[in-house]
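Everything below belongs to work.tsv, which stores TSV, N, CA and C atoms.
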chain	number	residue	atom	x	y	z
O	1	MET	N	-5.44	2.64	-0.08
O	1	MET	CA	-5.19	3.98	-0.57
O	1	MET	C	-6.48	4.79	-0.48
O	2	SER	N	-6.40	5.98	0.06
O	2	SER	CA	-7.59	6.81	0.21
O	2	SER	C	-7.90	7.50	-1.12
O	3	PRO	N	-9.18	7.83	-1.33
O	3	PRO	CA	-9.54	8.50	-2.58
O	3	PRO	C	-8.92	9.88	-2.67
O	4	LYS	N	-8.70	10.31	-3.90
O	4	LYS	CA	-8.10	11.62	-4.12
O	4	LYS	C	-9.08	12.73	-3.76
O	5	ALA	N	-8.52	13.83	-3.31
O	5	ALA	CA	-9.33	15.03	-3.06
O	5	ALA	C	-9.90	15.52	-4.39
O	6	VAL	N	-11.10	16.07	-4.32
O	6	VAL	CA	-11.76	16.58	-5.52
O	6	VAL	C	-11.94	18.08	-5.36
O	7	TYR	N	-11.50	18.82	-6.37
O	7	TYR	CA	-11.65	20.27	-6.41
O	7	TYR	C	-12.48	20.61	-7.63
O	8	GLU	N	-13.39	21.56	-7.47
O	8	GLU	CA	-14.28	21.91	-8.59
O	8	GLU	C	-14.15	23.38	-8.92
O	9	ILE	N	-13.81	23.67	-10.17
O	9	ILE	CA	-13.84	25.04	-10.66
O	9	ILE	C	-15.03	25.15	-11.60
O	10	ASP	N	-15.55	26.36	-11.75
O	10	ASP	CA	-16.75	26.56	-12.56
O	10	ASP	C	-16.49	27.63	-13.60
O	11	GLY	N	-16.53	27.24	-14.87
O	11	GLY	CA	-16.30	28.15	-15.97
O	11	GLY	C	-17.29	29.30	-16.04
O	12	ASP	N	-18.39	29.18	-15.32
O	12	ASP	CA	-19.37	30.26	-15.27
O	12	ASP	C	-18.87	31.42	-14.42
O	13	ARG	N	-17.83	31.17	-13.61
O	13	ARG	CA	-17.33	32.20	-12.69
O	13	ARG	C	-16.15	32.99	-13.25
O	14	PHE	N	-15.70	32.68	-14.48
O	14	PHE	CA	-14.58	33.44	-15.05
O	14	PHE	C	-14.69	33.49	-16.56
O	15	SER	N	-14.18	34.59	-17.11
O	15	SER	CA	-14.21	34.76	-18.56
O	15	SER	C	-12.87	35.24	-19.12
O	16	MET	N	-11.92	35.51	-18.24
O	16	MET	CA	-10.58	35.93	-18.64
O	16	MET	C	-9.56	35.11	-17.86
O	17	LEU	N	-8.35	35.06	-18.36
O	17	LEU	CA	-7.31	34.28	-17.70
O	17	LEU	C	-7.09	34.74	-16.27
O	18	GLU	N	-7.11	36.05	-16.04
O	18	GLU	CA	-6.90	36.56	-14.68
O	18	GLU	C	-7.99	36.08	-13.73
O	19	GLU	N	-9.21	35.97	-14.23
O	19	GLU	CA	-10.31	35.46	-13.41
O	19	GLU	C	-10.18	33.95	-13.19
O	20	PHE	N	-9.62	33.23	-14.17
O	20	PHE	CA	-9.31	31.82	-13.98
O	20	PHE	C	-8.33	31.68	-12.82
O	21	TYR	N	-7.31	32.54	-12.80
O	21	TYR	CA	-6.34	32.51	-11.71
O	21	TYR	C	-7.03	32.77	-10.37
O	22	ASP	N	-7.98	33.70	-10.34
O	22	ASP	CA	-8.75	33.96	-9.11
O	22	ASP	C	-9.46	32.69	-8.65
O	23	GLU	N	-10.08	32.01	-9.61
O	23	GLU	CA	-10.83	30.77	-9.30
O	23	GLU	C	-9.88	29.70	-8.76
O	24	ILE	N	-8.74	29.53	-9.41
O	24	ILE	CA	-7.75	28.55	-8.95
O	24	ILE	C	-7.27	28.89	-7.55
O	25	SER	N	-7.01	30.17	-7.32
O	25	SER	CA	-6.58	30.61	-5.99
O	25	SER	C	-7.60	30.24	-4.93
O	26	GLN	N	-8.85	30.56	-5.21
O	26	GLN	CA	-9.92	30.34	-4.23
O	26	GLN	C	-10.18	28.85	-4.00
O	27	VAL	N	-10.15	28.06	-5.06
O	27	VAL	CA	-10.53	26.65	-4.94
O	27	VAL	C	-9.36	25.75	-4.55
O	28	LEU	N	-8.22	25.90	-5.20
O	28	LEU	CA	-7.11	24.97	-4.97
O	28	LEU	C	-6.19	25.37	-3.83
O	29	ILE	N	-5.89	26.66	-3.72
O	29	ILE	CA	-4.89	27.07	-2.73
O	29	ILE	C	-5.32	28.36	-2.02
O	30	PRO	N	-6.47	28.33	-1.35
O	30	PRO	CA	-6.96	29.56	-0.71
O	30	PRO	C	-5.95	30.12	0.29
O	31	GLY	N	-5.77	31.44	0.20
O	31	GLY	CA	-4.88	32.11	1.13
O	31	GLY	C	-3.41	32.03	0.78
O	32	SER	N	-3.08	31.32	-0.29
O	32	SER	CA	-1.67	31.19	-0.68
O	32	SER	C	-1.32	32.20	-1.76
O	33	TYR	N	-0.08	32.65	-1.71
O	33	TYR	CA	0.42	33.53	-2.76
O	33	TYR	C	1.06	32.68	-3.84
O	34	TRP	N	0.80	33.05	-5.09
O	34	TRP	CA	1.48	32.39	-6.21
O	34	TRP	C	1.63	33.39	-7.33
O	35	GLY	N	2.41	33.06	-8.33
O	35	GLY	CA	2.78	33.99	-9.38
O	35	GLY	C	1.71	34.40	-10.36
O	36	ARG	N	0.58	33.70	-10.38
O	36	ARG	CA	-0.54	34.04	-11.26
O	36	ARG	C	-0.11	34.16	-12.72
O	37	ASN	N	0.58	33.12	-13.18
O	37	ASN	CA	0.94	33.01	-14.59
O	37	ASN	C	0.93	31.52	-14.93
O	38	LEU	N	1.10	31.20	-16.20
O	38	LEU	CA	1.00	29.80	-16.61
O	38	LEU	C	2.06	28.92	-15.97
O	39	GLU	N	3.26	29.44	-15.81
O	39	GLU	CA	4.33	28.66	-15.18
O	39	GLU	C	4.00	28.36	-13.72
O	40	ALA	N	3.47	29.35	-13.03
O	40	ALA	CA	3.10	29.15	-11.63
O	40	ALA	C	1.91	28.20	-11.51
O	41	PHE	N	0.96	28.26	-12.45
O	41	PHE	CA	-0.15	27.31	-12.46
O	41	PHE	C	0.40	25.89	-12.60
O	42	ASN	N	1.37	25.72	-13.47
O	42	ASN	CA	2.03	24.44	-13.64
O	42	ASN	C	2.62	23.96	-12.32
O	43	ASP	N	3.26	24.87	-11.59
O	43	ASP	CA	3.85	24.51	-10.29
O	43	ASP	C	2.79	24.07	-9.28
O	44	ILE	N	1.64	24.74	-9.28
O	44	ILE	CA	0.56	24.36	-8.36
O	44	ILE	C	0.15	22.91	-8.58
O	45	LEU	N	0.10	22.51	-9.85
O	45	LEU	CA	-0.34	21.15	-10.17
O	45	LEU	C	0.65	20.08	-9.72
O	46	ARG	N	1.87	20.47	-9.44
O	46	ARG	CA	2.87	19.52	-8.94
O	46	ARG	C	2.59	19.10	-7.50
O	47	GLY	N	1.79	19.89	-6.80
O	47	GLY	CA	1.49	19.57	-5.41
O	47	GLY	C	2.45	20.28	-4.47
O	48	GLY	N	2.08	20.29	-3.21
O	48	GLY	CA	2.94	20.86	-2.20
O	48	GLY	C	2.70	22.34	-1.93
O	49	LEU	N	1.93	23.01	-2.75
O	49	LEU	CA	1.63	24.42	-2.53
O	49	LEU	C	0.22	24.59	-1.98
O	50	GLY	N	-0.23	23.57	-1.30
O	50	GLY	CA	-1.59	23.59	-0.77
O	50	GLY	C	-2.45	22.49	-1.36
O	51	THR	N	-2.03	21.96	-2.50
O	51	THR	CA	-2.74	20.82	-3.09
O	51	THR	C	-2.11	19.54	-2.57
O	52	PRO	N	-2.86	18.46	-2.53
O	52	PRO	CA	-2.34	17.21	-1.97
O	52	PRO	C	-1.15	16.66	-2.75
O	53	GLU	N	-0.20	16.15	-2.04
O	53	GLU	CA	0.99	15.54	-2.66
O	53	GLU	C	0.64	14.34	-3.52
O	54	GLY	N	-0.37	13.59	-3.16
O	54	GLY	CA	-0.71	12.38	-3.90
O	54	GLY	C	-1.59	12.62	-5.11
O	55	GLY	N	-1.78	13.86	-5.48
O	55	GLY	CA	-2.62	14.17	-6.62
O	55	GLY	C	-4.04	14.49	-6.20
O	56	PHE	N	-4.84	14.87	-7.17
O	56	PHE	CA	-6.21	15.25	-6.92
O	56	PHE	C	-7.00	15.22	-8.22
O	57	VAL	N	-8.30	15.31	-8.08
O	57	VAL	CA	-9.20	15.37	-9.23
O	57	VAL	C	-9.65	16.83	-9.38
O	58	LEU	N	-9.48	17.36	-10.57
O	58	LEU	CA	-9.94	18.71	-10.87
O	58	LEU	C	-11.16	18.60	-11.78
O	59	VAL	N	-12.31	18.96	-11.25
O	59	VAL	CA	-13.55	18.94	-12.01
O	59	VAL	C	-13.77	20.36	-12.55
O	60	TRP	N	-13.89	20.48	-13.86
O	60	TRP	CA	-14.07	21.78	-14.51
O	60	TRP	C	-15.50	21.84	-15.04
O	61	LYS	N	-16.39	22.42	-14.21
O	61	LYS	CA	-17.79	22.59	-14.63
O	61	LYS	C	-17.87	23.68	-15.70
O	62	ASN	N	-18.87	23.57	-16.56
O	62	ASN	CA	-19.07	24.55	-17.63
O	62	ASN	C	-17.80	24.76	-18.45
O	63	SER	N	-17.13	23.64	-18.74
O	63	SER	CA	-15.87	23.72	-19.49
O	63	SER	C	-16.09	24.19	-20.94
O	64	GLN	N	-17.23	23.88	-21.51
O	64	GLN	CA	-17.51	24.35	-22.87
O	64	GLN	C	-17.62	25.88	-22.89
O	65	LEU	N	-18.22	26.45	-21.87
O	65	LEU	CA	-18.28	27.90	-21.75
O	65	LEU	C	-16.86	28.47	-21.62
O	66	SER	N	-16.02	27.81	-20.85
O	66	SER	CA	-14.62	28.24	-20.72
O	66	SER	C	-13.90	28.13	-22.06
O	67	ARG	N	-14.17	27.08	-22.81
O	67	ARG	CA	-13.55	26.92	-24.13
O	67	ARG	C	-13.87	28.13	-25.00
O	68	GLU	N	-15.09	28.62	-24.92
O	68	GLU	CA	-15.49	29.79	-25.70
O	68	GLU	C	-14.88	31.07	-25.15
O	69	ARG	N	-15.01	31.27	-23.85
O	69	ARG	CA	-14.53	32.51	-23.23
O	69	ARG	C	-13.01	32.64	-23.26
O	70	LEU	N	-12.32	31.52	-23.15
O	70	LEU	CA	-10.86	31.53	-23.14
O	70	LEU	C	-10.32	31.12	-24.51
O	71	GLY	N	-11.04	31.52	-25.54
O	71	GLY	CA	-10.70	31.19	-26.92
O	71	GLY	C	-9.72	32.17	-27.53
O	72	TYR	N	-9.87	32.38	-28.84
O	72	TYR	CA	-8.90	33.22	-29.57
O	72	TYR	C	-8.92	34.68	-29.14
O	73	SER	N	-10.09	35.22	-28.80
O	73	SER	CA	-10.10	36.63	-28.39
O	73	SER	C	-9.30	36.82	-27.09
O	74	GLU	N	-9.39	35.86	-26.19
O	74	GLU	CA	-8.59	35.95	-24.96
O	74	GLU	C	-7.12	35.71	-25.26
O	75	ALA	N	-6.83	34.82	-26.20
O	75	ALA	CA	-5.43	34.60	-26.60
O	75	ALA	C	-4.84	35.89	-27.17
O	76	VAL	N	-5.61	36.59	-28.01
O	76	VAL	CA	-5.15	37.86	-28.57
O	76	VAL	C	-4.89	38.86	-27.45
O	77	ARG	N	-5.80	38.96	-26.50
O	77	ARG	CA	-5.64	39.90	-25.39
O	77	ARG	C	-4.39	39.59	-24.58
O	78	GLN	N	-4.18	38.32	-24.28
O	78	GLN	CA	-3.01	37.92	-23.49
O	78	GLN	C	-1.71	38.17	-24.26
O	79	LEU	N	-1.70	37.87	-25.54
O	79	LEU	CA	-0.50	38.07	-26.35
O	79	LEU	C	-0.17	39.56	-26.49
O	80	ARG	N	-1.19	40.39	-26.60
O	80	ARG	CA	-0.95	41.84	-26.64
O	80	ARG	C	-0.28	42.30	-25.35
O	81	LYS	N	-0.76	41.78	-24.21
O	81	LYS	CA	-0.16	42.12	-22.92
O	81	LYS	C	1.30	41.67	-22.87
O	82	GLN	N	1.55	40.46	-23.35
O	82	GLN	CA	2.92	39.93	-23.35
O	82	GLN	C	3.83	40.79	-24.23
O	83	LEU	N	3.31	41.22	-25.37
O	83	LEU	CA	4.10	42.01	-26.30
O	83	LEU	C	4.56	43.33	-25.67
O	84	GLU	N	3.73	43.88	-24.79
O	84	GLU	CA	4.07	45.14	-24.13
O	84	GLU	C	5.23	45.01	-23.15
O	85	THR	N	5.40	43.82	-22.57
O	85	THR	CA	6.38	43.67	-21.49
O	85	THR	C	7.50	42.67	-21.79
O	86	CYS	N	7.46	42.03	-22.94
O	86	CYS	CA	8.42	40.96	-23.20
O	86	CYS	C	9.81	41.50	-23.50
O	87	HIS	N	10.77	40.65	-23.38
O	87	HIS	CA	12.15	40.97	-23.75
O	87	HIS	C	12.18	41.17	-25.27
O	88	PRO	N	12.98	42.13	-25.74
O	88	PRO	CA	13.05	42.39	-27.18
O	88	PRO	C	13.34	41.15	-28.03
O	89	SER	N	14.07	40.20	-27.49
O	89	SER	CA	14.39	38.99	-28.25
O	89	SER	C	13.16	38.11	-28.48
O	90	ASN	N	12.07	38.34	-27.72
O	90	ASN	CA	10.85	37.54	-27.87
O	90	ASN	C	9.78	38.23	-28.70
O	91	ARG	N	10.00	39.48	-29.07
O	91	ARG	CA	8.96	40.25	-29.77
O	91	ARG	C	8.54	39.61	-31.09
O	92	GLU	N	9.49	39.13	-31.85
O	92	GLU	CA	9.16	38.54	-33.16
O	92	GLU	C	8.26	37.30	-32.99
O	93	ARG	N	8.63	36.44	-32.05
O	93	ARG	CA	7.84	35.21	-31.82
O	93	ARG	C	6.43	35.56	-31.34
O	94	ILE	N	6.33	36.46	-30.37
O	94	ILE	CA	5.02	36.81	-29.84
O	94	ILE	C	4.17	37.51	-30.90
O	95	THR	N	4.80	38.34	-31.72
O	95	THR	CA	4.08	39.00	-32.82
O	95	THR	C	3.52	37.96	-33.78
O	96	ARG	N	4.30	36.93	-34.09
O	96	ARG	CA	3.82	35.83	-34.96
O	96	ARG	C	2.63	35.12	-34.31
O	97	GLU	N	2.78	34.79	-33.02
O	97	GLU	CA	1.70	34.10	-32.30
O	97	GLU	C	0.45	34.97	-32.25
O	98	LEU	N	0.61	36.26	-32.07
O	98	LEU	CA	-0.52	37.19	-32.05
O	98	LEU	C	-1.22	37.20	-33.40
O	99	ASP	N	-0.46	37.25	-34.47
O	99	ASP	CA	-1.04	37.22	-35.82
O	99	ASP	C	-1.82	35.92	-36.05
O	100	GLU	N	-1.25	34.81	-35.61
O	100	GLU	CA	-1.93	33.52	-35.75
O	100	GLU	C	-3.25	33.51	-34.97
O	101	ALA	N	-3.22	33.98	-33.73
O	101	ALA	CA	-4.43	34.01	-32.90
O	101	ALA	C	-5.49	34.92	-33.52
O	102	ARG	N	-5.08	36.04	-34.06
O	102	ARG	CA	-6.03	36.94	-34.72
O	102	ARG	C	-6.74	36.26	-35.90
O	103	HIS	N	-6.08	35.29	-36.50
O	103	HIS	CA	-6.65	34.55	-37.63
O	103	HIS	C	-7.26	33.21	-37.20
O	104	GLY	N	-7.43	33.04	-35.89
O	104	GLY	CA	-8.08	31.82	-35.40
O	104	GLY	C	-7.23	30.57	-35.54
O	105	ARG	N	-5.94	30.75	-35.44
O	105	ARG	CA	-5.02	29.62	-35.55
O	105	ARG	C	-4.13	29.57	-34.31
O	106	GLY	N	-3.59	28.39	-34.06
O	106	GLY	CA	-2.71	28.21	-32.90
O	106	GLY	C	-3.53	27.93	-31.66
O	107	PRO	N	-2.85	27.79	-30.53
O	107	PRO	CA	-3.56	27.44	-29.30
O	107	PRO	C	-4.33	28.62	-28.71
O	108	THR	N	-5.47	28.31	-28.13
O	108	THR	CA	-6.23	29.29	-27.36
O	108	THR	C	-5.72	29.24	-25.92
O	109	VAL	N	-6.18	30.15	-25.10
O	109	VAL	CA	-5.83	30.12	-23.68
O	109	VAL	C	-6.36	28.82	-23.06
O	110	PHE	N	-7.58	28.43	-23.42
O	110	PHE	CA	-8.16	27.18	-22.93
O	110	PHE	C	-7.25	26.00	-23.31
O	111	ASP	N	-6.80	25.97	-24.56
O	111	ASP	CA	-5.91	24.89	-25.02
O	111	ASP	C	-4.63	24.85	-24.18
O	112	GLU	N	-4.07	26.01	-23.89
O	112	GLU	CA	-2.83	26.06	-23.11
O	112	GLU	C	-3.05	25.54	-21.70
O	113	LEU	N	-4.18	25.89	-21.10
O	113	LEU	CA	-4.47	25.39	-19.75
O	113	LEU	C	-4.63	23.87	-19.75
O	114	LEU	N	-5.34	23.34	-20.75
O	114	LEU	CA	-5.50	21.89	-20.83
O	114	LEU	C	-4.15	21.21	-21.04
O	115	GLU	N	-3.30	21.80	-21.85
O	115	GLU	CA	-1.98	21.23	-22.09
O	115	GLU	C	-1.17	21.17	-20.80
O	116	ILE	N	-1.21	22.23	-20.02
O	116	ILE	CA	-0.48	22.24	-18.75
O	116	ILE	C	-1.03	21.16	-17.81
O	117	ILE	N	-2.34	21.06	-17.72
O	117	ILE	CA	-2.94	20.04	-16.85
O	117	ILE	C	-2.55	18.64	-17.32
O	118	SER	N	-2.54	18.42	-18.63
O	118	SER	CA	-2.23	17.08	-19.17
O	118	SER	C	-0.81	16.63	-18.83
O	119	ILE	N	0.09	17.54	-18.62
O	119	ILE	CA	1.46	17.19	-18.23
O	119	ILE	C	1.46	16.42	-16.91
O	120	HIS	N	0.51	16.75	-16.03
O	120	HIS	CA	0.46	16.17	-14.68
O	120	HIS	C	-0.53	15.02	-14.56
O	121	ALA	N	-1.15	14.66	-15.68
O	121	ALA	CA	-2.16	13.60	-15.70
O	121	ALA	C	-1.57	12.32	-16.28
O	122	LEU	N	-2.32	11.25	-16.21
O	122	LEU	CA	-1.90	9.96	-16.74
O	122	LEU	C	-1.46	10.12	-18.20
O	123	GLY	N	-0.25	9.67	-18.49
O	123	GLY	CA	0.31	9.78	-19.83
O	123	GLY	C	1.15	11.02	-20.04
O	124	GLY	N	1.10	11.96	-19.10
O	124	GLY	CA	1.90	13.18	-19.20
O	124	GLY	C	3.31	12.96	-18.68
O	125	SER	N	4.19	13.88	-19.01
O	125	SER	CA	5.59	13.74	-18.59
O	125	SER	C	5.77	13.81	-17.07
O	126	GLU	N	4.79	14.38	-16.37
O	126	GLU	CA	4.85	14.44	-14.90
O	126	GLU	C	3.63	13.76	-14.29
O	127	GLU	N	3.24	12.64	-14.88
O	127	GLU	CA	2.03	11.93	-14.43
O	127	GLU	C	2.11	11.48	-12.98
O	128	ARG	N	3.30	11.39	-12.44
O	128	ARG	CA	3.47	11.00	-11.03
O	128	ARG	C	2.75	11.97	-10.09
O	129	ASP	N	2.44	13.18	-10.59
O	129	ASP	CA	1.74	14.16	-9.77
O	129	ASP	C	0.29	13.77	-9.53
O	130	GLY	N	-0.26	12.89	-10.37
O	130	GLY	CA	-1.56	12.31	-10.13
O	130	GLY	C	-2.76	13.24	-10.29
O	131	VAL	N	-2.66	14.19	-11.18
O	131	VAL	CA	-3.80	15.09	-11.42
O	131	VAL	C	-4.75	14.43	-12.42
O	132	GLU	N	-6.01	14.44	-12.09
O	132	GLU	CA	-7.04	13.93	-13.00
O	132	GLU	C	-7.98	15.09	-13.34
O	133	LEU	N	-8.26	15.26	-14.61
O	133	LEU	CA	-9.14	16.34	-15.07
O	133	LEU	C	-10.44	15.74	-15.56
O	134	VAL	N	-11.54	16.31	-15.07
O	134	VAL	CA	-12.88	15.92	-15.52
O	134	VAL	C	-13.54	17.18	-16.08
O	135	LEU	N	-13.81	17.17	-17.38
O	135	LEU	CA	-14.49	18.30	-18.01
O	135	LEU	C	-15.98	18.04	-18.00
O	136	LYS	N	-16.74	18.98	-17.50
O	136	LYS	CA	-18.20	18.86	-17.47
O	136	LYS	C	-18.82	20.02	-18.18
Take the structure in this file and express it as structure tokens.
Amino acid sequence: MSPKAVYEIDGDRFSMLEEFYDEISQVLIPGSYWGRNLEAFNDILRGGLGTPEGGFVLVWKNSQLSRERLGYSEAVRQLRKQLETCHPSNRERITRELDEARHGRGPTVFDELLEIISIHALGGSEERDGVELVLK
């Protein structure tokens, strides 16, 4: 079995979720179009959209910086954006999540990204995708 491909993203190159998407685009699937949202990021990790079918290693340099930059203030910003465009049936839930994030509770954007990656890693519900995450 050949070693897995290694992709490296650098937390020094992004400070907002949209910039994280730029980094993922450039590093994992250059030249490919994707939805640039959390669901589409999840799809990228499944493979077949430019990433190897047999899985890969994702090295996240400066991950502590990303933890800070993609923390509660970014969660608040993202939730405010969602509130502007969400279906009326979701407004109450998003408003609750926004209030929690404003008080430093609930998941941060960084937490959500790690959760999505963990689904495709060893022990995750889609571990067959073979994604390995290395935080540096």
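The space separating atom C of Glu84 (chain O) from atom N of Ile117 (chain O) comes to 25.7 Å.
For the choices O:Gln82, O:Leu113, O:Glu97, O:Gly104, the atom-to-atom distance to Ile24 (chain O) is smallest for O:Leu113 when using only C-alpha atoms.
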Filtered DSSP result for chain O, state helix (DSSP H, G or I), as a PyMOL selection string: chain O and resi 11-13+17-28+38-45+63-69+72-85+88-102+109-119+127-129
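Reported to one decimal place, the separation of atom C of Gly31 (chain O) from atom N of Glu19 (chain O) is 16.6 Å.
Using only C-alpha atoms for every distance, the candidate list O:Ser25, O:Gly71, O:Val59, O:Glu112 yields O:Val59 as the residue closest to Leu133 (chain O).
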Distance in Å - CA of Arg13 (chain O) versus atom C of Tyr33 (chain O): 20.4 Å
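Using all atoms listed in the file, the nearest neighbour of Val27 (chain O) within the list O:Tyr7, O:Glu68, O:Ser118, O:Val131 is O:Tyr7.
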Test item: residues at most 7 Å from Leu45 (chain O), all atoms listed in the file, excluding those fewer than 2 positions along its chain, as a count of residues only: 9
Could region 98-114 of chain O be completed with N, CA, C and O atoms and written as a short mmCIF file (atom, residue, chain, number, x, y, z; two decimals), in the coordinates of the input, please?
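part-v1.cif, written as the output of this step:
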data_model
loop_
_atom_site.label_atom_id
_atom_site.label_comp_id
_atom_site.auth_asym_id
_atom_site.auth_seq_id
_atom_site.Cartn_x
_atom_site.Cartn_y
_atom_site.Cartn_z
N LEU O 98 0.61 36.26 -32.07
CA LEU O 98 -0.52 37.19 -32.05
C LEU O 98 -1.22 37.20 -33.40
O LEU O 98 -2.46 37.15 -33.48
N ASP O 99 -0.46 37.25 -34.47
CA ASP O 99 -1.04 37.22 -35.82
C ASP O 99 -1.82 35.92 -36.05
O ASP O 99 -2.93 35.94 -36.60
N GLU O 100 -1.25 34.81 -35.61
CA GLU O 100 -1.93 33.52 -35.75
C GLU O 100 -3.25 33.51 -34.97
O GLU O 100 -4.29 33.09 -35.49
N ALA O 101 -3.22 33.98 -33.73
CA ALA O 101 -4.43 34.01 -32.90
C ALA O 101 -5.49 34.92 -33.52
O ALA O 101 -6.68 34.59 -33.49
N ARG O 102 -5.08 36.04 -34.06
CA ARG O 102 -6.03 36.94 -34.72
C ARG O 102 -6.74 36.26 -35.90
O ARG O 102 -7.86 36.63 -36.24
N HIS O 103 -6.08 35.29 -36.50
CA HIS O 103 -6.65 34.55 -37.63
C HIS O 103 -7.26 33.21 -37.20
O HIS O 103 -7.55 32.37 -38.03
N GLY O 104 -7.43 33.04 -35.89
CA GLY O 104 -8.08 31.82 -35.40
C GLY O 104 -7.23 30.57 -35.54
O GLY O 104 -7.76 29.48 -35.71
N ARG O 105 -5.94 30.75 -35.44
CA ARG O 105 -5.02 29.62 -35.55
C ARG O 105 -4.13 29.57 -34.31
O ARG O 105 -3.92 30.56 -33.65
N GLY O 106 -3.59 28.39 -34.06
CA GLY O 106 -2.71 28.21 -32.90
C GLY O 106 -3.53 27.93 -31.66
O GLY O 106 -4.76 27.84 -31.70
N PRO O 107 -2.85 27.79 -30.53
CA PRO O 107 -3.56 27.44 -29.30
C PRO O 107 -4.33 28.62 -28.71
O PRO O 107 -3.91 29.77 -28.79
N THR O 108 -5.47 28.31 -28.13
CA THR O 108 -6.23 29.29 -27.36
C THR O 108 -5.72 29.24 -25.92
O THR O 108 -4.94 28.35 -25.56
N VAL O 109 -6.18 30.15 -25.10
CA VAL O 109 -5.83 30.12 -23.68
C VAL O 109 -6.36 28.82 -23.06
O VAL O 109 -5.67 28.16 -22.29
N PHE O 110 -7.58 28.43 -23.42
CA PHE O 110 -8.16 27.18 -22.93
C PHE O 110 -7.25 26.00 -23.31
O PHE O 110 -6.95 25.14 -22.47
N ASP O 111 -6.80 25.97 -24.56
CA ASP O 111 -5.91 24.89 -25.02
C ASP O 111 -4.63 24.85 -24.18
O ASP O 111 -4.17 23.77 -23.80
N GLU O 112 -4.07 26.01 -23.89
CA GLU O 112 -2.83 26.06 -23.11
C GLU O 112 -3.05 25.54 -21.70
O GLU O 112 -2.19 24.83 -21.15
N LEU O 113 -4.18 25.89 -21.10
CA LEU O 113 -4.47 25.39 -19.75
C LEU O 113 -4.63 23.87 -19.75
O LEU O 113 -4.09 23.19 -18.86
N LEU O 114 -5.34 23.34 -20.75
CA LEU O 114 -5.50 21.89 -20.83
C LEU O 114 -4.15 21.21 -21.04
O LEU O 114 -3.90 20.13 -20.47
#
